[in-house]
Each structure stands twice: as C-alpha cells, then as structure tokens.
Amino acid sequence: MAGMQDTELTQLLTALCSDDKTTRTNAEAMLAGNRQFAGFASRVAIAATAGANAGALPVPIRQMALTVLKQLVIDHWCNLAPEDKSKVQQCLLGALAEESSALRGLLHACAVHVRICGGAWPELQEQIGAGLVKGTTHEAFCCVECMFALLEEGGIEVAASLGALQEPLLRLASGEASPPALRRKCIEVHCAGVNTIVSSPQAPAPALEAVLSAL
C-alpha cells in the first residue's frame, strides 16, 4: 500500500495498540509492508510529533507512532529517502520540548538513534545549546533531558561532541532563576558527561579539555 494516507496511518497505529491479538498481528503485517515506502517515515514522524496542534492524535497513539519511528530509524535509517531523513529530523527538532512527559522519553530516544545511525547532526546540538542558554525553564529542562539520553546511549563519540555544552550546562545549574529540579538534572547530566569522557581512553583531547575547563 504505497503512499499510505493520514487516515490509514491513524487506523494502523490504533490497530497496533489494540488489545485484540488478531488485530495487532494484522497491523504488524501491514506495518512491515509499508515501513520502507518513501514518505512513510515522514508521515509517522508528523503523527508522532503533532503535539497540541489541531487534530493531534491521543497520547497512546502518539506513543505507538514514536515506537514505530524509533524502530524505523534503528532498522532502516540508511535506506530511507533523503526527504524522509530530513523530515524526521525536522519533526524531532521541533518537538524536543514536548509537553507530555509520557512522550518525551520516546521522542528523545528517536533523536538519539537518528544521531547514532545518521552520524553528525549539528542542528540537534545547536538546538540543545540554544535551549540551555535562552530557552524557557521547560525548554531548558527538556534539552537537558535530551542530553542525558544522548550520553546514556550514544557512546564516546556522541559524548565528545557534547563537550562544548558543558559550560552552558553548568551556567544553567548555577543560575539563580533555575529551579531546584533543573539544577539537579544539570548536575546529573554534567557528571554523566564527565564520567563518559574521562573514563574512555578514546576520548578526543578537545572534548577532554572542554570538560576540564568547565569544572
């Protein structure tokens, strides 16, 4: 079913959430037949990140969309059309500060796997940096959460690429306007980044210097 439409995608995601085993099995077969079609990943990303926009799907359906998207990225990122890759990245960047905590973890996991599977993603780092420096409290907290997910899953290369963000992270942690929960999260992420970099014999010297200079 090439060119799956939005209504069809909603029906598929709803069926994947069904309590009925036969319904789920049929939906999984349909998913397997559609996931490599050009445009499918873009549609899933749009459905997953619609947020509070008019026509946004219910949270459980968006959770399923994010689960599908994460697996698409892990299994098929190299084979996705350039247009799909660009749209997935655009959607994820626009939703880093998702309001629902039930969705943010999955959303950040998708971003992490795009970074791992796709290599350098400067726009992601720029957006996180902007959130740390000039975002609202909520936006800053979401960016710190995303940093933590990157550090947990991304390995030394990803951790090293985030070294330059340690200084604004610590500045946010020490800011008088930062609430206690945000300060604690900043310190937790800083410690995770330092531990990853200083404990790895493969840590690039610039990343190590950036971390040490922020101490």
# chains A, B, ... in the order shown; residues from 1 in each chain; ligands from 1

call {"tool": "residues_around", "arguments": {"residues": "stretch 124-134 of chain A", "least_positions_apart": "5", "cutoff": "6 Å", "atoms": "only C-alpha atoms", "output": "count of residues only"}}
result
3

call {"tool": "atom_distance", "arguments": {"atom1": "atom CA of A:Gly94", "atom2": "atom CA of A:Ala50"}}
result
9.5 Å

call {"tool": "closest_residue", "arguments": {"among": "A:Ala95, A:Val158, A:Cys78, A:Val144", "to": "A:Arg115", "atoms": "only C-alpha atoms"}}
result
A:Val158

call {"tool": "closest_residue", "arguments": {"among": "A:Glu153, A:Glu167, A:Asp20, A:Glu145", "to": "A:Val112", "atoms": "only C-alpha atoms"}}
result
A:Glu153

call {"tool": "residues_around", "arguments": {"residues": "A:Asp84", "least_positions_apart": "6", "cutoff": "10 Å", "atoms": "only C-alpha atoms", "output": "list in words"}}
result
Phe37, Ala38, Gly39, Phe40, Ala41, Ser42, Arg43, Ala45, Trp77 and Gln90 of chain A

call {"tool": "write_last_selection", "arguments": {"atoms": "N, CA, C and O atoms", "output": "PDB file, in the first residue's frame"}}
result
ATOM      1  N   PHE A  37       8.435   2.171   2.346  1.00  0.00           N
ATOM      2  CA  PHE A  37       7.961   3.020   1.263  1.00  0.00           C
ATOM      3  C   PHE A  37       8.392   4.465   1.504  1.00  0.00           C
ATOM      4  O   PHE A  37       8.361   4.956   2.634  1.00  0.00           O
ATOM      5  N   ALA A  38       8.780   5.145   0.439  1.00  0.00           N
ATOM      6  CA  ALA A  38       9.138   6.558   0.547  1.00  0.00           C
ATOM      7  C   ALA A  38       7.947   7.339   1.099  1.00  0.00           C
ATOM      8  O   ALA A  38       6.818   7.145   0.664  1.00  0.00           O
ATOM      9  N   GLY A  39       8.201   8.194   2.065  1.00  0.00           N
ATOM     10  CA  GLY A  39       7.174   9.022   2.660  1.00  0.00           C
ATOM     11  C   GLY A  39       6.568   8.457   3.925  1.00  0.00           C
ATOM     12  O   GLY A  39       5.959   9.202   4.706  1.00  0.00           O
ATOM     13  N   PHE A  40       6.720   7.150   4.157  1.00  0.00           N
ATOM     14  CA  PHE A  40       6.087   6.551   5.336  1.00  0.00           C
ATOM     15  C   PHE A  40       6.718   7.075   6.624  1.00  0.00           C
ATOM     16  O   PHE A  40       6.018   7.441   7.572  1.00  0.00           O
ATOM     17  N   ALA A  41       8.042   7.121   6.673  1.00  0.00           N
ATOM     18  CA  ALA A  41       8.712   7.609   7.887  1.00  0.00           C
ATOM     19  C   ALA A  41       8.321   9.062   8.169  1.00  0.00           C
ATOM     20  O   ALA A  41       8.148   9.451   9.330  1.00  0.00           O
ATOM     21  N   SER A  42       8.171   9.855   7.128  1.00  0.00           N
ATOM     22  CA  SER A  42       7.764  11.252   7.313  1.00  0.00           C
ATOM     23  C   SER A  42       6.381  11.335   7.932  1.00  0.00           C
ATOM     24  O   SER A  42       6.141  12.131   8.859  1.00  0.00           O
ATOM     25  N   ARG A  43       5.458  10.522   7.458  1.00  0.00           N
ATOM     26  CA  ARG A  43       4.103  10.540   7.991  1.00  0.00           C
ATOM     27  C   ARG A  43       4.074  10.100   9.449  1.00  0.00           C
ATOM     28  O   ARG A  43       3.346  10.671  10.266  1.00  0.00           O
ATOM     29  N   ALA A  45       6.540  10.388  11.568  1.00  0.00           N
ATOM     30  CA  ALA A  45       7.156  11.456  12.357  1.00  0.00           C
ATOM     31  C   ALA A  45       6.182  12.606  12.589  1.00  0.00           C
ATOM     32  O   ALA A  45       6.115  13.167  13.687  1.00  0.00           O
ATOM     33  N   TRP A  77      17.350   3.365   8.764  1.00  0.00           N
ATOM     34  CA  TRP A  77      17.786   4.740   8.517  1.00  0.00           C
ATOM     35  C   TRP A  77      18.622   4.863   7.247  1.00  0.00           C
ATOM     36  O   TRP A  77      18.414   5.775   6.442  1.00  0.00           O
ATOM     37  N   GLN A  90      13.587  17.184  11.126  1.00  0.00           N
ATOM     38  CA  GLN A  90      12.848  18.436  11.333  1.00  0.00           C
ATOM     39  C   GLN A  90      11.757  18.255  12.394  1.00  0.00           C
ATOM     40  O   GLN A  90      11.600  19.099  13.290  1.00  0.00           O
TER      41      GLN A  90
END

call {"tool": "closest_residue", "arguments": {"among": "A:Arg104, A:His76, A:His190, A:His138", "to": "A:Cys117", "atoms": "only C-alpha atoms"}}
result
A:His76

call {"tool": "atom_distance", "arguments": {"atom1": "atom CA of A:Val88", "atom2": "atom CA of A:Pro122"}}
result
14.8 Å

call {"tool": "select_by_dssp", "arguments": {"residues": "stretch 88-203 of chain A", "states": "helix (DSSP H, G or I)", "output": "PyMOL selection string"}}
result
chain A and resi 88-94+101-118+122-134+137-153+155-161+163-174+180-198

call {"tool": "write_last_selection", "arguments": {"atoms": "C-alpha atoms", "output": "PDB file, in the first residue's frame"}}
result
ATOM      1  CA  VAL A  88      12.167  13.077  10.537  1.00  0.00           C
ATOM      2  CA  GLN A  89      14.976  15.320  11.788  1.00  0.00           C
ATOM      3  CA  GLN A  90      12.848  18.436  11.333  1.00  0.00           C
ATOM      4  CA  CYS A  91       9.927  16.912  13.272  1.00  0.00           C
ATOM      5  CA  LEU A  92      12.111  15.705  16.127  1.00  0.00           C
ATOM      6  CA  LEU A  93      13.887  19.046  16.467  1.00  0.00           C
ATOM      7  CA  GLY A  94      10.557  20.833  16.598  1.00  0.00           C
ATOM      8  CA  SER A 101       6.406  13.533  29.918  1.00  0.00           C
ATOM      9  CA  ALA A 102       4.802  10.294  28.686  1.00  0.00           C
ATOM     10  CA  LEU A 103       6.087  11.089  25.199  1.00  0.00           C
ATOM     11  CA  ARG A 104       9.368  12.930  25.780  1.00  0.00           C
ATOM     12  CA  GLY A 105      11.440   9.878  26.656  1.00  0.00           C
ATOM     13  CA  LEU A 106      10.458   8.099  23.443  1.00  0.00           C
ATOM     14  CA  LEU A 107      10.895  11.280  21.429  1.00  0.00           C
ATOM     15  CA  HIS A 108      14.396  11.820  22.777  1.00  0.00           C
ATOM     16  CA  ALA A 109      15.191   8.150  22.148  1.00  0.00           C
ATOM     17  CA  CYS A 110      14.260   8.678  18.494  1.00  0.00           C
ATOM     18  CA  ALA A 111      16.580  11.686  18.334  1.00  0.00           C
ATOM     19  CA  VAL A 112      19.377   9.676  19.939  1.00  0.00           C
ATOM     20  CA  HIS A 113      19.066   6.890  17.364  1.00  0.00           C
ATOM     21  CA  VAL A 114      18.966   9.357  14.477  1.00  0.00           C
ATOM     22  CA  ARG A 115      22.236  10.766  15.848  1.00  0.00           C
ATOM     23  CA  ILE A 116      23.759   7.296  16.243  1.00  0.00           C
ATOM     24  CA  CYS A 117      22.598   5.920  12.890  1.00  0.00           C
ATOM     25  CA  GLY A 118      22.990   9.092  10.875  1.00  0.00           C
ATOM     26  CA  PRO A 122      24.821  19.778  14.132  1.00  0.00           C
ATOM     27  CA  GLU A 123      21.271  21.157  14.208  1.00  0.00           C
ATOM     28  CA  LEU A 124      20.466  18.946  17.197  1.00  0.00           C
ATOM     29  CA  GLN A 125      23.436  20.212  19.161  1.00  0.00           C
ATOM     30  CA  GLU A 126      22.638  23.806  18.179  1.00  0.00           C
ATOM     31  CA  GLN A 127      19.043  23.425  19.347  1.00  0.00           C
ATOM     32  CA  ILE A 128      20.088  21.889  22.656  1.00  0.00           C
ATOM     33  CA  GLY A 129      22.618  24.673  23.160  1.00  0.00           C
ATOM     34  CA  ALA A 130      20.012  27.327  22.391  1.00  0.00           C
ATOM     35  CA  GLY A 131      17.629  25.729  24.869  1.00  0.00           C
ATOM     36  CA  LEU A 132      20.262  25.781  27.594  1.00  0.00           C
ATOM     37  CA  VAL A 133      21.168  29.421  27.005  1.00  0.00           C
ATOM     38  CA  LYS A 134      17.915  31.174  26.123  1.00  0.00           C
ATOM     39  CA  THR A 137      12.590  26.688  32.077  1.00  0.00           C
ATOM     40  CA  HIS A 138      10.590  23.922  30.420  1.00  0.00           C
ATOM     41  CA  GLU A 139      12.594  24.091  27.189  1.00  0.00           C
ATOM     42  CA  ALA A 140      15.868  24.062  29.105  1.00  0.00           C
ATOM     43  CA  PHE A 141      14.783  21.065  31.179  1.00  0.00           C
ATOM     44  CA  CYS A 142      13.774  19.143  28.030  1.00  0.00           C
ATOM     45  CA  CYS A 143      17.131  19.910  26.397  1.00  0.00           C
ATOM     46  CA  VAL A 144      18.966  18.700  29.492  1.00  0.00           C
ATOM     47  CA  GLU A 145      16.884  15.505  29.392  1.00  0.00           C
ATOM     48  CA  CYS A 146      17.810  15.021  25.739  1.00  0.00           C
ATOM     49  CA  MET A 147      21.489  15.498  26.574  1.00  0.00           C
ATOM     50  CA  PHE A 148      21.202  12.809  29.225  1.00  0.00           C
ATOM     51  CA  ALA A 149      19.634  10.391  26.716  1.00  0.00           C
ATOM     52  CA  LEU A 150      22.436  11.105  24.237  1.00  0.00           C
ATOM     53  CA  LEU A 151      25.077  10.475  26.882  1.00  0.00           C
ATOM     54  CA  GLU A 152      23.423   7.256  28.045  1.00  0.00           C
ATOM     55  CA  GLU A 153      23.086   5.691  24.598  1.00  0.00           C
ATOM     56  CA  GLY A 155      28.869   6.326  23.363  1.00  0.00           C
ATOM     57  CA  ILE A 156      32.118   8.262  23.473  1.00  0.00           C
ATOM     58  CA  GLU A 157      31.791   9.903  20.043  1.00  0.00           C
ATOM     59  CA  VAL A 158      28.444  11.456  20.902  1.00  0.00           C
ATOM     60  CA  ALA A 159      29.596  12.362  24.411  1.00  0.00           C
ATOM     61  CA  ALA A 160      32.670  14.071  22.986  1.00  0.00           C
ATOM     62  CA  SER A 161      30.547  16.099  20.579  1.00  0.00           C
ATOM     63  CA  GLY A 163      31.668  18.533  25.458  1.00  0.00           C
ATOM     64  CA  ALA A 164      31.236  22.141  24.374  1.00  0.00           C
ATOM     65  CA  LEU A 165      27.804  22.212  26.028  1.00  0.00           C
ATOM     66  CA  GLN A 166      29.204  21.517  29.484  1.00  0.00           C
ATOM     67  CA  GLU A 167      29.916  25.199  30.149  1.00  0.00           C
ATOM     68  CA  PRO A 168      26.366  26.469  29.416  1.00  0.00           C
ATOM     69  CA  LEU A 169      25.022  23.433  31.282  1.00  0.00           C
ATOM     70  CA  LEU A 170      26.910  24.409  34.427  1.00  0.00           C
ATOM     71  CA  ARG A 171      25.922  28.038  33.991  1.00  0.00           C
ATOM     72  CA  LEU A 172      22.295  26.934  33.904  1.00  0.00           C
ATOM     73  CA  ALA A 173      22.843  24.796  37.001  1.00  0.00           C
ATOM     74  CA  SER A 174      24.205  27.771  38.929  1.00  0.00           C
ATOM     75  CA  PRO A 180      15.993  23.042  42.063  1.00  0.00           C
ATOM     76  CA  ALA A 181      14.785  20.213  39.789  1.00  0.00           C
ATOM     77  CA  LEU A 182      16.508  21.784  36.789  1.00  0.00           C
ATOM     78  CA  ARG A 183      19.703  22.369  38.751  1.00  0.00           C
ATOM     79  CA  ARG A 184      19.783  18.753  39.897  1.00  0.00           C
ATOM     80  CA  LYS A 185      19.237  17.492  36.363  1.00  0.00           C
ATOM     81  CA  CYS A 186      22.014  19.722  35.025  1.00  0.00           C
ATOM     82  CA  ILE A 187      24.455  18.376  37.598  1.00  0.00           C
ATOM     83  CA  GLU A 188      23.393  14.796  36.868  1.00  0.00           C
ATOM     84  CA  VAL A 189      23.991  15.284  33.144  1.00  0.00           C
ATOM     85  CA  HIS A 190      27.289  17.066  33.723  1.00  0.00           C
ATOM     86  CA  CYS A 191      28.532  14.195  35.881  1.00  0.00           C
ATOM     87  CA  ALA A 192      27.418  11.653  33.276  1.00  0.00           C
ATOM     88  CA  GLY A 193      29.270  13.528  30.530  1.00  0.00           C
ATOM     89  CA  VAL A 194      32.435  13.937  32.581  1.00  0.00           C
ATOM     90  CA  ASN A 195      32.405  10.279  33.572  1.00  0.00           C
ATOM     91  CA  THR A 196      31.930   9.093  29.986  1.00  0.00           C
ATOM     92  CA  ILE A 197      34.731  11.260  28.621  1.00  0.00           C
ATOM     93  CA  VAL A 198      37.385  10.987  31.330  1.00  0.00           C
TER      94      VAL A 198
END

call {"tool": "atom_distance", "arguments": {"atom1": "atom CA of A:Ala48", "atom2": "atom CA of A:Ala65"}}
result
5.1 Å

call {"tool": "residues_around", "arguments": {"residues": "A:Thr14", "least_positions_apart": "3", "cutoff": "10 Å", "atoms": "only C-alpha atoms", "output": "list in words"}}
result
Glu8, Leu9, Thr10, Gln11, Cys17, Ser18, Thr23, Arg24, Ala27, Leu57, Pro58, Pro60, Ile61, Arg62, Met64 and Ala65 of chain A

call {"tool": "closest_residue", "arguments": {"among": "A:Ser199, A:Asn26, A:Glu176, A:Arg35", "to": "A:Ala81", "atoms": "only C-alpha atoms"}}
result
A:Arg35
